[in-house]
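Chemist: Okay, here's the structure, questions in a sec.
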Amino acid sequence: MKKKIKEPFAVWLTGIPSSGKTTLARGLSEKLREMGVKVVILESDELRKLLTPNPQYTEEERDYFYRAMAVIGRYLVDNGISVIFDATAHKRKYRENARKLIKNFIEVYVYAPLEVCLKRDVKGLYSKALKGEIKTLPGLQEPYEEPPEPDVKLETHIETIEASLVKIISVIKTLP
């Protein structure tokens with residue numbers, strides 16, 4: 001008998017831009033819905049439009065933004081809706097804060113080498129950064145603080161999407 005997922009949870013997909021977070025968030029959301037889980041994706045680009053409509057990407061603004069994102073996630077989980085965070089959250093403190101706030105929190109490190117992400121450049125961020133149009137891109141101009149002990153580490157440059165999703169769901173199934 002398959003273990004049913006009973007309690008709401010939060011999965012934070014973290015990694016540098018173009019590492020595969022959005023692709024995995026969409027795939028995970030689809031798989032979880034098929035399993036009967038109520039889930040929502042909190043995508044940083046979409047939330048940023050609401051919370052910081054004219055983003056400057058200063059440290060203070062990022063601190064505010066990631067705190068707000070974690071609190072929104074907590075409210076959703078506390079009200080029975082599981083959450084997938086699709087957000088770089090380049091500082092450990094952002095993810096640690098979310099872990100403290102949210103029960104059943106899973107940190108997923110979505111890793112791909114910078115060279116691979118530069119080639120993918122899905123949103124054109126690296127191109128803009130290399131032209132000087134962006135000054136604080138995590139992983140290129142700003143340090144990305146890798147999770148020292150993520151609940152799951154994915155290597156999207158060598159793993160299939162399906163294999164990555166299986167890893168995440170297997171950890172979710174260990175939750176109460």
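Here's how to read the names in the structure tokens: chain A, B, ... by the order shown, residue numbers from 1 in each chain, ligand numbers from 1 in the order shown.
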Tell me, as a VMD selection string, which residues lie within 10 Å of Glu149 (chain A), counting only C-alpha atoms; anything in the same chain fewer than 3 positions away does not count.
Modeler: chain A and resid 107 to 109 146 152 to 153
Chemist: Excluding same-chain residues fewer than 4 positions from Val166 (chain A), what lies within 12 Å of it counting only C-alpha atoms, as a PDB file with N, CA and C atoms, in the first residue's frame?
Modeler:
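Listed below is the output, selection_29.pdb:
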```
ATOM      1  N   LEU A  24      11.140  22.037 -12.254  1.00  0.00           N
ATOM      2  CA  LEU A  24      10.854  21.070 -11.192  1.00  0.00           C
ATOM      3  C   LEU A  24       9.621  21.464 -10.393  1.00  0.00           C
ATOM      4  N   GLY A  27       6.600  20.454 -12.445  1.00  0.00           N
ATOM      5  CA  GLY A  27       6.467  18.998 -12.474  1.00  0.00           C
ATOM      6  C   GLY A  27       6.033  18.428 -11.138  1.00  0.00           C
ATOM      7  N   LEU A  28       6.614  18.952 -10.065  1.00  0.00           N
ATOM      8  CA  LEU A  28       6.263  18.493  -8.726  1.00  0.00           C
ATOM      9  C   LEU A  28       4.812  18.828  -8.406  1.00  0.00           C
ATOM     10  N   LYS A  31       2.564  16.326 -10.216  1.00  0.00           N
ATOM     11  CA  LYS A  31       2.599  14.992  -9.592  1.00  0.00           C
ATOM     12  C   LYS A  31       1.825  14.981  -8.274  1.00  0.00           C
ATOM     13  N   LEU A  32       2.022  16.020  -7.474  1.00  0.00           N
ATOM     14  CA  LEU A  32       1.343  16.070  -6.179  1.00  0.00           C
ATOM     15  C   LEU A  32      -0.171  16.203  -6.349  1.00  0.00           C
ATOM     16  N   VAL A 152      17.316  17.283   0.172  1.00  0.00           N
ATOM     17  CA  VAL A 152      17.483  16.625  -1.122  1.00  0.00           C
ATOM     18  C   VAL A 152      18.455  17.467  -1.942  1.00  0.00           C
ATOM     19  N   LEU A 154      19.692  17.726  -5.910  1.00  0.00           N
ATOM     20  CA  LEU A 154      19.456  17.285  -7.281  1.00  0.00           C
ATOM     21  C   LEU A 154      20.569  17.832  -8.161  1.00  0.00           C
ATOM     22  N   GLU A 159      20.728  14.467 -14.061  1.00  0.00           N
ATOM     23  CA  GLU A 159      19.532  13.701 -13.704  1.00  0.00           C
ATOM     24  C   GLU A 159      18.363  14.105 -14.592  1.00  0.00           C
ATOM     25  N   THR A 160      17.481  13.170 -14.830  1.00  0.00           N
ATOM     26  CA  THR A 160      16.253  13.512 -15.553  1.00  0.00           C
ATOM     27  C   THR A 160      15.298  14.230 -14.602  1.00  0.00           C
ATOM     28  N   ILE A 161      14.353  14.929 -15.169  1.00  0.00           N
ATOM     29  CA  ILE A 161      13.329  15.596 -14.357  1.00  0.00           C
ATOM     30  C   ILE A 161      12.582  14.545 -13.542  1.00  0.00           C
ATOM     31  N   GLU A 162      12.214  13.449 -14.185  1.00  0.00           N
ATOM     32  CA  GLU A 162      11.466  12.387 -13.507  1.00  0.00           C
ATOM     33  C   GLU A 162      12.243  11.838 -12.309  1.00  0.00           C
ATOM     34  N   SER A 170       9.866  11.087  -2.571  1.00  0.00           N
ATOM     35  CA  SER A 170      10.224  10.076  -1.571  1.00  0.00           C
ATOM     36  C   SER A 170      10.507  10.713  -0.208  1.00  0.00           C
ATOM     37  N   VAL A 171      11.089  11.911  -0.208  1.00  0.00           N
ATOM     38  CA  VAL A 171      11.322  12.603   1.055  1.00  0.00           C
ATOM     39  C   VAL A 171      10.006  13.133   1.631  1.00  0.00           C
ATOM     40  N   ILE A 172       9.154  13.653   0.769  1.00  0.00           N
ATOM     41  CA  ILE A 172       7.834  14.133   1.236  1.00  0.00           C
ATOM     42  C   ILE A 172       7.092  13.002   1.925  1.00  0.00           C
ATOM     43  N   LYS A 173       7.169  11.807   1.379  1.00  0.00           N
ATOM     44  CA  LYS A 173       6.447  10.666   1.949  1.00  0.00           C
ATOM     45  C   LYS A 173       6.970  10.240   3.316  1.00  0.00           C
TER      46      LYS A 173
END
```
Chemist: Do you know which residues are at most 10 Å from Pro138 (chain A) counting only C-alpha atoms, after dropping those on the same chain fewer than 5 positions away, and could you put them as a PDB file with N, CA and C atoms, in the first residue's frame?
Modeler:
```pdb
ATOM      1  N   GLY A  15      18.520  27.287  -5.719  1.00  0.00           N
ATOM      2  CA  GLY A  15      19.654  27.078  -6.608  1.00  0.00           C
ATOM      3  C   GLY A  15      19.834  28.330  -7.440  1.00  0.00           C
ATOM      4  N   ILE A  16      20.946  28.408  -8.143  1.00  0.00           N
ATOM      5  CA  ILE A  16      21.206  29.611  -8.937  1.00  0.00           C
ATOM      6  C   ILE A  16      20.235  29.678 -10.115  1.00  0.00           C
ATOM      7  N   PRO A  17      20.087  30.867 -10.711  1.00  0.00           N
ATOM      8  CA  PRO A  17      19.185  31.000 -11.862  1.00  0.00           C
ATOM      9  C   PRO A  17      19.521  29.988 -12.963  1.00  0.00           C
ATOM     10  N   THR A  88      15.358  31.429  -5.692  1.00  0.00           N
ATOM     11  CA  THR A  88      16.789  31.277  -5.500  1.00  0.00           C
ATOM     12  C   THR A  88      17.167  31.309  -4.026  1.00  0.00           C
ATOM     13  N   ALA A  89      16.694  32.312  -3.293  1.00  0.00           N
ATOM     14  CA  ALA A  89      17.013  32.462  -1.868  1.00  0.00           C
ATOM     15  C   ALA A  89      18.497  32.188  -1.652  1.00  0.00           C
ATOM     16  N   HIS A  90      19.337  33.043  -2.189  1.00  0.00           N
ATOM     17  CA  HIS A  90      20.776  32.803  -2.263  1.00  0.00           C
ATOM     18  C   HIS A  90      21.510  32.839  -0.926  1.00  0.00           C
ATOM     19  N   LYS A  91      20.843  33.260   0.128  1.00  0.00           N
ATOM     20  CA  LYS A  91      21.470  33.249   1.455  1.00  0.00           C
ATOM     21  C   LYS A  91      20.817  32.169   2.319  1.00  0.00           C
ATOM     22  N   TYR A 126      21.639  35.994 -17.129  1.00  0.00           N
ATOM     23  CA  TYR A 126      23.101  35.983 -17.242  1.00  0.00           C
ATOM     24  C   TYR A 126      23.558  36.922 -18.356  1.00  0.00           C
ATOM     25  N   PRO A 143      27.374  36.092  -4.164  1.00  0.00           N
ATOM     26  CA  PRO A 143      27.591  34.694  -3.777  1.00  0.00           C
ATOM     27  C   PRO A 143      26.257  33.965  -3.577  1.00  0.00           C
ATOM     28  N   TYR A 144      26.239  32.714  -3.958  1.00  0.00           N
ATOM     29  CA  TYR A 144      25.116  31.830  -3.644  1.00  0.00           C
ATOM     30  C   TYR A 144      25.609  30.904  -2.537  1.00  0.00           C
ATOM     31  N   GLU A 145      24.937  30.931  -1.406  1.00  0.00           N
ATOM     32  CA  GLU A 145      25.321  30.111  -0.264  1.00  0.00           C
ATOM     33  C   GLU A 145      24.638  28.748  -0.373  1.00  0.00           C
TER      34      GLU A 145
END
```
Chemist: As a list of chain:residue names, please: all residues of region 115-176 of chain A that backbone DSSP puts in alpha helix (DSSP H).
Modeler: A:Glu115, A:Val116, A:Cys117, A:Leu118, A:Lys119, A:Arg120, A:Leu125, A:Tyr126, A:Ser127, A:Lys128, A:Ala129, A:Leu130, A:Ile161, A:Glu162, A:Ala163, A:Ser164, A:Leu165, A:Val166, A:Lys167, A:Ile168, A:Ile169, A:Ser170, A:Val171, A:Ile172
Chemist: Please provide as a ChimeraX atom specification all residues within 8 Å of Pro176 (chain A), with the sequence filter that same-chain residues fewer than 2 positions apart are discarded (counting only C-alpha atoms).
Modeler: /A:5-7,104,173-174
Chemist: Kindly indicate which residue among A:Thr23, A:Thr136, A:Asn97, A:Ser44 lies nearest to Val71 (chain A), using only C-alpha atoms for the distances.
Modeler: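 Of the candidates, the smallest distance to Val71 (chain A) is held by A:Asn97.
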Chemist: So, counting only C-alpha atoms, which residue among A:Tyr94, A:Leu101, A:Lys131, A:Thr14 is closest to Asp63 (chain A)?
Modeler: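 When distances to Asp63 (chain A) are compared using only C-alpha atoms, the smallest one comes from A:Tyr94.
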Chemist: Which one of A:Ile84, A:Val77, A:Ile158, A:Leu137 sits closest to Pro113 (chain A) if you count only C-alpha atoms?
Modeler: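 Of A:Ile84, A:Val77, A:Ile158, A:Leu137, the one nearest Pro113 (chain A), counting only C-alpha atoms, is A:Ile158.
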Chemist: Determine the nearest neighbour of Asp86 (chain A) from the options A:Ala129, A:Cys117, A:Leu13, A:Ala98, counting only C-alpha atoms.
Modeler: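 Of A:Ala129, A:Cys117, A:Leu13, A:Ala98, the one nearest Asp86 (chain A), counting only C-alpha atoms, is A:Leu13.
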Chemist: Within 9 Å of region 35-38 of chain A, counting only C-alpha atoms, which residues show up once you throw out same-chain ones fewer than 4 positions away? Write them as a list in words, please.
Modeler: Lys4, Ile5, Lys6, Pro8, Ser29, Glu30, Lys31, Gly80, Ile81, Ser82 and Val83 of chain A
Chemist: Convert the current residue selection to file output with C-alpha atoms, as a PDB file, in the first residue's frame.
Modeler:
```pdb
ATOM      1  CA  LYS A   4      -0.689   8.731   1.665  1.00  0.00           C
ATOM      2  CA  ILE A   5       0.566  12.246   2.265  1.00  0.00           C
ATOM      3  CA  LYS A   6      -1.490  13.488   5.198  1.00  0.00           C
ATOM      4  CA  PRO A   8       0.700  19.855   4.459  1.00  0.00           C
ATOM      5  CA  SER A  29       3.018  20.427  -8.517  1.00  0.00           C
ATOM      6  CA  GLU A  30       1.489  18.269 -11.240  1.00  0.00           C
ATOM      7  CA  LYS A  31       2.599  14.992  -9.592  1.00  0.00           C
ATOM      8  CA  GLY A  80      -3.855  22.880   4.894  1.00  0.00           C
ATOM      9  CA  ILE A  81      -2.222  23.848   1.602  1.00  0.00           C
ATOM     10  CA  SER A  82       1.192  22.498   0.710  1.00  0.00           C
ATOM     11  CA  VAL A  83       3.681  24.935  -0.795  1.00  0.00           C
TER      12      VAL A  83
END
```
Chemist: Report as a list in words: the residues of region 15-146 of chain A with a DSSP assignment of strand (DSSP E or B), based on the backbone of this structure.
Modeler: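 Answer for region 15-146 of chain A restricted to strand (DSSP E or B) is Val39, Val40, Ile41, Leu42, Glu43, Ser82, Val83, Ile84, Phe85, Asp86, Phe105, Ile106, Glu107, Val108, Tyr109, Val110, Tyr111, Pro138 and Glu142 of chain A.
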Chemist: Okay, now the selection with C-alpha atoms, as a PDB file, in the first residue's frame?
Modeler:
```pdb
ATOM      1  CA  VAL A  39      -0.522  22.511  -3.464  1.00  0.00           C
ATOM      2  CA  VAL A  40       0.437  25.975  -4.616  1.00  0.00           C
ATOM      3  CA  ILE A  41       3.666  27.252  -6.160  1.00  0.00           C
ATOM      4  CA  LEU A  42       5.053  30.457  -4.674  1.00  0.00           C
ATOM      5  CA  GLU A  43       7.180  31.681  -7.550  1.00  0.00           C
ATOM      6  CA  SER A  82       1.192  22.498   0.710  1.00  0.00           C
ATOM      7  CA  VAL A  83       3.681  24.935  -0.795  1.00  0.00           C
ATOM      8  CA  ILE A  84       6.426  24.728  -3.374  1.00  0.00           C
ATOM      9  CA  PHE A  85       8.802  27.690  -3.188  1.00  0.00           C
ATOM     10  CA  ASP A  86      10.405  28.403  -6.557  1.00  0.00           C
ATOM     11  CA  PHE A 105       9.818  21.944   5.645  1.00  0.00           C
ATOM     12  CA  ILE A 106      12.017  20.365   2.972  1.00  0.00           C
ATOM     13  CA  GLU A 107      14.996  22.162   1.446  1.00  0.00           C
ATOM     14  CA  VAL A 108      15.860  20.969  -2.062  1.00  0.00           C
ATOM     15  CA  TYR A 109      19.149  22.086  -3.551  1.00  0.00           C
ATOM     16  CA  VAL A 110      18.728  22.272  -7.309  1.00  0.00           C
ATOM     17  CA  TYR A 111      22.300  22.151  -8.524  1.00  0.00           C
ATOM     18  CA  PRO A 138      23.264  35.357  -7.410  1.00  0.00           C
ATOM     19  CA  GLU A 142      26.544  37.791  -5.705  1.00  0.00           C
TER      20      GLU A 142
END
```
Chemist: Taking into account only C-alpha atoms, which residue in the set A:Thr52, A:Thr22, A:Lys135, A:Asp151 is nearest to Leu175 (chain A)?
Modeler: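 Closest candidate: A:Asp151.
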Chemist: Kindly indicate which residue among A:Arg33, A:Lys123, A:Ala112, A:Glu96 lies nearest to Gly139 (chain A), using only C-alpha atoms for the distances.
Modeler: A:Ala112
Chemist: As an exercise, work out the distance from CA of Lys100 (chain A) to CA of Leu165 (chain A) in Å and give it to one decimal place.
Modeler: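 Between CA of Lys100 (chain A) and CA of Leu165 (chain A) the gap is 24.4 Å.
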Chemist: Could you work out how far CA of Pro150 (chain A) lies from CA of Arg95 (chain A), giving the answer in Å with one decimal?
Modeler: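 Value for the CA of Arg95 (chain A)-CA of Pro150 (chain A) distance: 10.3 Å.
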Chemist: Please report the interatomic distance between CA of Arg92 (chain A) and CA of Pro147 (chain A) in Å with one decimal.
Modeler: 6.6 Å
